[in-house]
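Take a look at the structure below.
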Amino acid sequence: MRLWIDGLPVDVAPGKSLLDGVQQLMLDSPLLSQRPLAARIAGETFTLNYIPQREADTLPDGTVTMRRAMVASGGKVTLLRYADHRGKQVYTRTVQFVLFLAVRQLWPAAVAKMNFTVGDTLNVTIEKQPQFCANDVPALKAEVEKLVAMDIPLIRRRITTRQAMDMFAHDGQEDKARLLAWRQAPYFDVYQYGDYMDYFYGEMAPSTGYVSVWDMVSDGGNGIQFCFPDPQNPDTVAPYRQMPNFSAVCAESERWCALMDCDTVADLNELVQAGRLGELIRVNEALHERSFSQIADQILDRKAKAVLLAGPSSSGKTTSANRLAVQLRVRGKRPILMSLDDYYIDRDKIAPGPDGKLDLEHINTIDTQLFRWDLTDLLSGRTVNLPKFDFMTGRRVKSDQYISLGPDTIIIIEGLHGLNPALLPEHVEKNLVFRLYVSALFPLNLDNHNRIPTSYLRLLRRIVRDHETRNASVSHTLSMWDSVRRGEERWIFPYQENADVIFNSSLVYELALLKTHIFPLLDAVPPEDPYYEEVRSIVKVLNYVLPAEADREVPPTSILREFIGGNCFYP
């Protein structure tokens, strides 16, 4: 059959794969930056092992029928590489398979657990006897190199869900068996090599040999930091950057998950089924309240007069600012809330980017000079006339709000760029400014080898909030999400380690509640929608979650109320 791969025509015989077509066109490359990892066909992602025309589909008259995706695309195939978001996901899943297979080959009884991603590194802990330590890293690294050199084909096969549960239970992977008990579909897809079987909820590269750029170092304990390619230059490994504050918050969140008996989605489902979700909600909310109380104490101990509060989209910045203000009032202070959004430059004064669009995540959209002047004046005891940005007209307007700092006043300034050094006046005493980073660092796993990304939770929150407050469709929110993520990567994440405190705004229980709000919205997205694949990837995780009609249990001060409604701080 005739295909157009990246616009180039090629004839692929029945039974041959997309990879065969790629190789015929000499589009394969030893360089990761240029090497195709997967393909997009009719809006969906496919492995390069995908066979466009199966020999088994030959009709009695010799006609070979085309598969659904090929019919829908008219034979057009777009290749995905590491620079593509979906291509990077394919590479990451392949890495996970190779890494966990290496652990199995070396220490068959060991339990490896995927923890959190920090920058371009993945933290994995390994429980074994004797305890995993830095001296074990060279052996693990050598085993990964060996598996990559073997170039093992990664072929997916389909079995029944019952078979998968039995096989995982027999193999000692009880976490996967427990998760699959909540799966509604009668089948399950797996990858297997020898006696090791696993799955990572999405497409992988054609073989282990594609994992060509990586490194690993000890995390200083019973695990490793696996280093991925540099996003700016995928042919080299990203430089390893220690982030002790961020890592410590992630580790603390996981510790609290264990104390609340809720490490995985299966744990959460069992709590919902047993009628114990209310207890989990109360404990989780109490932990948040304690954290805000401790942060308020640290602000007072520093004698800070201003709090710069930053965080990525849908992390709960606004509610966090209000809850912190309550704690400061309890301590006899008079907090004033400010927003960096009011320092936006007039929209018609912002130069468009190379694509002709306004990059509203860019630091240059903020009048940083005016903000530094105002902050300097406030900290010096002078009165400031605060600006006001009118989002309807896209212009800054004069306001009638004048503020000054009395002996008990503390200003809380919330905004996307709050940790950016460009906002700090050069000559202001640094102790007067307390920097707080808020992010939803979701600690829950699907199973030991499959983490639910923190960006996934924030996307769910934003879809629900956009629908509730702006009547926005799922597709509208998804259409903006890639741009939002790029802005975060550039303007937020590089500065998160500069914070005096990192607050984890995620709530272990919230998936069960968010599902009741979001599932009807996702179900209504038709297959022809351009964001249908993204919707299906969201649903793929939520299908394992038992929904809970427990909104009444969530207090009005909860960060979750910022997204599902009923927040007592603002309409």
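To be explicit about the labels: the chains of the structure tokens are called A, B, and onward in the order shown, and within each one the residues are counted from 1, while ligands get numbers from 1 in the order they are shown.
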Problem - Filtered DSSP result for range 28-225 of chain A, state alpha helix (DSSP H), as a ChimeraX atom specification - result: /A:68-73,85-106,137-150,161-170,174-180
Exercise for the section: Compile the contact shell of Arg458 in chain A as a ChimeraX atom specification: residues with an atom at most 6 Å away, counting only C-alpha atoms, same-chain residues fewer than 3 positions apart removed. Expected result: /A:314,455,461
Practice task
For Glu528 in chain A, please output as a VMD selection string all residues within 12 Å (counting only C-alpha atoms; exclusion window: fewer than 2 positions along the same chain).
Solution key: chain A and resid 42 to 44 72 to 73 475 524 to 526 530 to 533 535
Give me a file of those residues, with C-alpha atoms, as a PDB file, in the first residue's frame.
ATOM      1  CA  ALA A  42      -5.422  10.315  12.092  1.00  0.00           C
ATOM      2  CA  GLY A  43      -4.834  12.107  15.392  1.00  0.00           C
ATOM      3  CA  GLU A  44      -3.651   9.028  17.310  1.00  0.00           C
ATOM      4  CA  ALA A  72      -9.094   7.731   8.298  1.00  0.00           C
ATOM      5  CA  SER A  73      -5.719   9.310   7.469  1.00  0.00           C
ATOM      6  CA  SER A 475     -11.146  20.888  23.833  1.00  0.00           C
ATOM      7  CA  ALA A 524     -19.103  13.886  25.603  1.00  0.00           C
ATOM      8  CA  VAL A 525     -15.997  14.475  23.427  1.00  0.00           C
ATOM      9  CA  PRO A 526     -16.595  12.765  20.038  1.00  0.00           C
ATOM     10  CA  PRO A 530      -8.888  16.994  17.395  1.00  0.00           C
ATOM     11  CA  TYR A 531      -8.156  16.423  21.098  1.00  0.00           C
ATOM     12  CA  TYR A 532      -9.869  13.044  21.310  1.00  0.00           C
ATOM     13  CA  GLU A 533      -6.585  11.166  21.883  1.00  0.00           C
ATOM     14  CA  VAL A 535      -9.124  12.872  26.256  1.00  0.00           C
TER      15      VAL A 535
END
Practice task
Show which residues sit within 7 Å of range 213-221 of chain A, as a ChimeraX atom specification. Count only C-alpha atoms, and ignore same-chain residues fewer than 4 positions away.
Solution key: /A:133-134,137,141,225-229,235-237
Write the residues of the selection above to a file with C-alpha atoms, as a PDB file, in the first residue's frame.
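Output (out_23.pdb):
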ATOM      1  CA  CYS A 133      23.111   1.636  47.842  1.00  0.00           C
ATOM      2  CA  ALA A 134      25.455   3.695  45.684  1.00  0.00           C
ATOM      3  CA  VAL A 137      24.574   1.697  40.712  1.00  0.00           C
ATOM      4  CA  LYS A 141      23.964   0.847  34.793  1.00  0.00           C
ATOM      5  CA  GLN A 225      18.188   9.370  39.657  1.00  0.00           C
ATOM      6  CA  PHE A 226      17.770   8.359  36.023  1.00  0.00           C
ATOM      7  CA  CYS A 227      18.871  11.222  33.774  1.00  0.00           C
ATOM      8  CA  PHE A 228      17.005  11.810  30.507  1.00  0.00           C
ATOM      9  CA  PRO A 229      18.166  13.598  27.338  1.00  0.00           C
ATOM     10  CA  ASP A 235      21.722  13.887  21.685  1.00  0.00           C
ATOM     11  CA  THR A 236      23.286  14.697  25.057  1.00  0.00           C
ATOM     12  CA  VAL A 237      22.237  13.849  28.603  1.00  0.00           C
TER      13      VAL A 237
END
Problem - Which of A:Leu460, A:Ile366, A:Leu560, A:Ala149 sits closest to Thr318 in chain A [using only C-alpha atoms] - result: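 Using only C-alpha atoms, Thr318 in chain A sits closest to A:Leu560.
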Practice task
Skip Arg329 in chain A itself and residues of its chain fewer than 6 positions away, then list as a list in words all residues within 10 Å of it, counting only C-alpha atoms.
Solution key: Ala296, Arg323, Pro335, Asp408, Thr409 and Ile410 of chain A
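The two atoms in question, CA of Glu285 in chain A and CA of Thr557 in chain A, are spaced 9.1 Å apart.
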Practice task
List the neighbours of range 16-26 of chain A out to 9 Å using only C-alpha atoms; skip same-chain residues closer than 2 positions along the sequence, and give me the result as number ranges by chain.
Solution key: A: 3, 5, 8-14, 28-29, 36, 38-39, 47-55, 77, 79, 206
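Residues in contact with Gln89 in chain A at 9 Å, where only C-alpha atoms are counted and same-chain residues fewer than 6 positions away are skipped, are listed as Tyr82, Gly202, Glu203 and Met204 of chain A.
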Exercise for the section: Would you mind telling me which residue in A:Arg465, A:Arg334, A:Arg241, A:Arg156 lies nearest to Leu122 in chain A when using only C-alpha atoms? Expected result: A:Arg241
Exercise for the section: From the DSSP assignment of the backbone, select every residue of range 270-507 of chain A that is strand (DSSP E), and format the answer as an MDAnalysis selection string. Expected result: chainID A and resid 306:310 334:339 384:385 388:390 395:397 402:403 409:414 433:439 445:447 450:451 501:504
Handout entry: Coordinates-based distance that separates CA of Arg93 in chain A from CA of Phe200 in chain A (Å, one decimal)
Key =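 About the pair CA of Phe200 in chain A and CA of Arg93 in chain A: they are 6.0 Å apart.
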Practice task
Check the smallest atom-to-atom distance from each of A:Leu444, A:Ala306, A:Val111, A:Ala69 to Tyr509 in chain A using only C-alpha atoms, then report the winner.
Solution key: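 So, comparing all the options, the nearest one is A:Leu444.
Checking A:Trp182, A:Phe389, A:Trp4, A:Tyr210 one by one against Val90 in chain A, counting only C-alpha atoms, you find the shortest gap at A:Tyr210.
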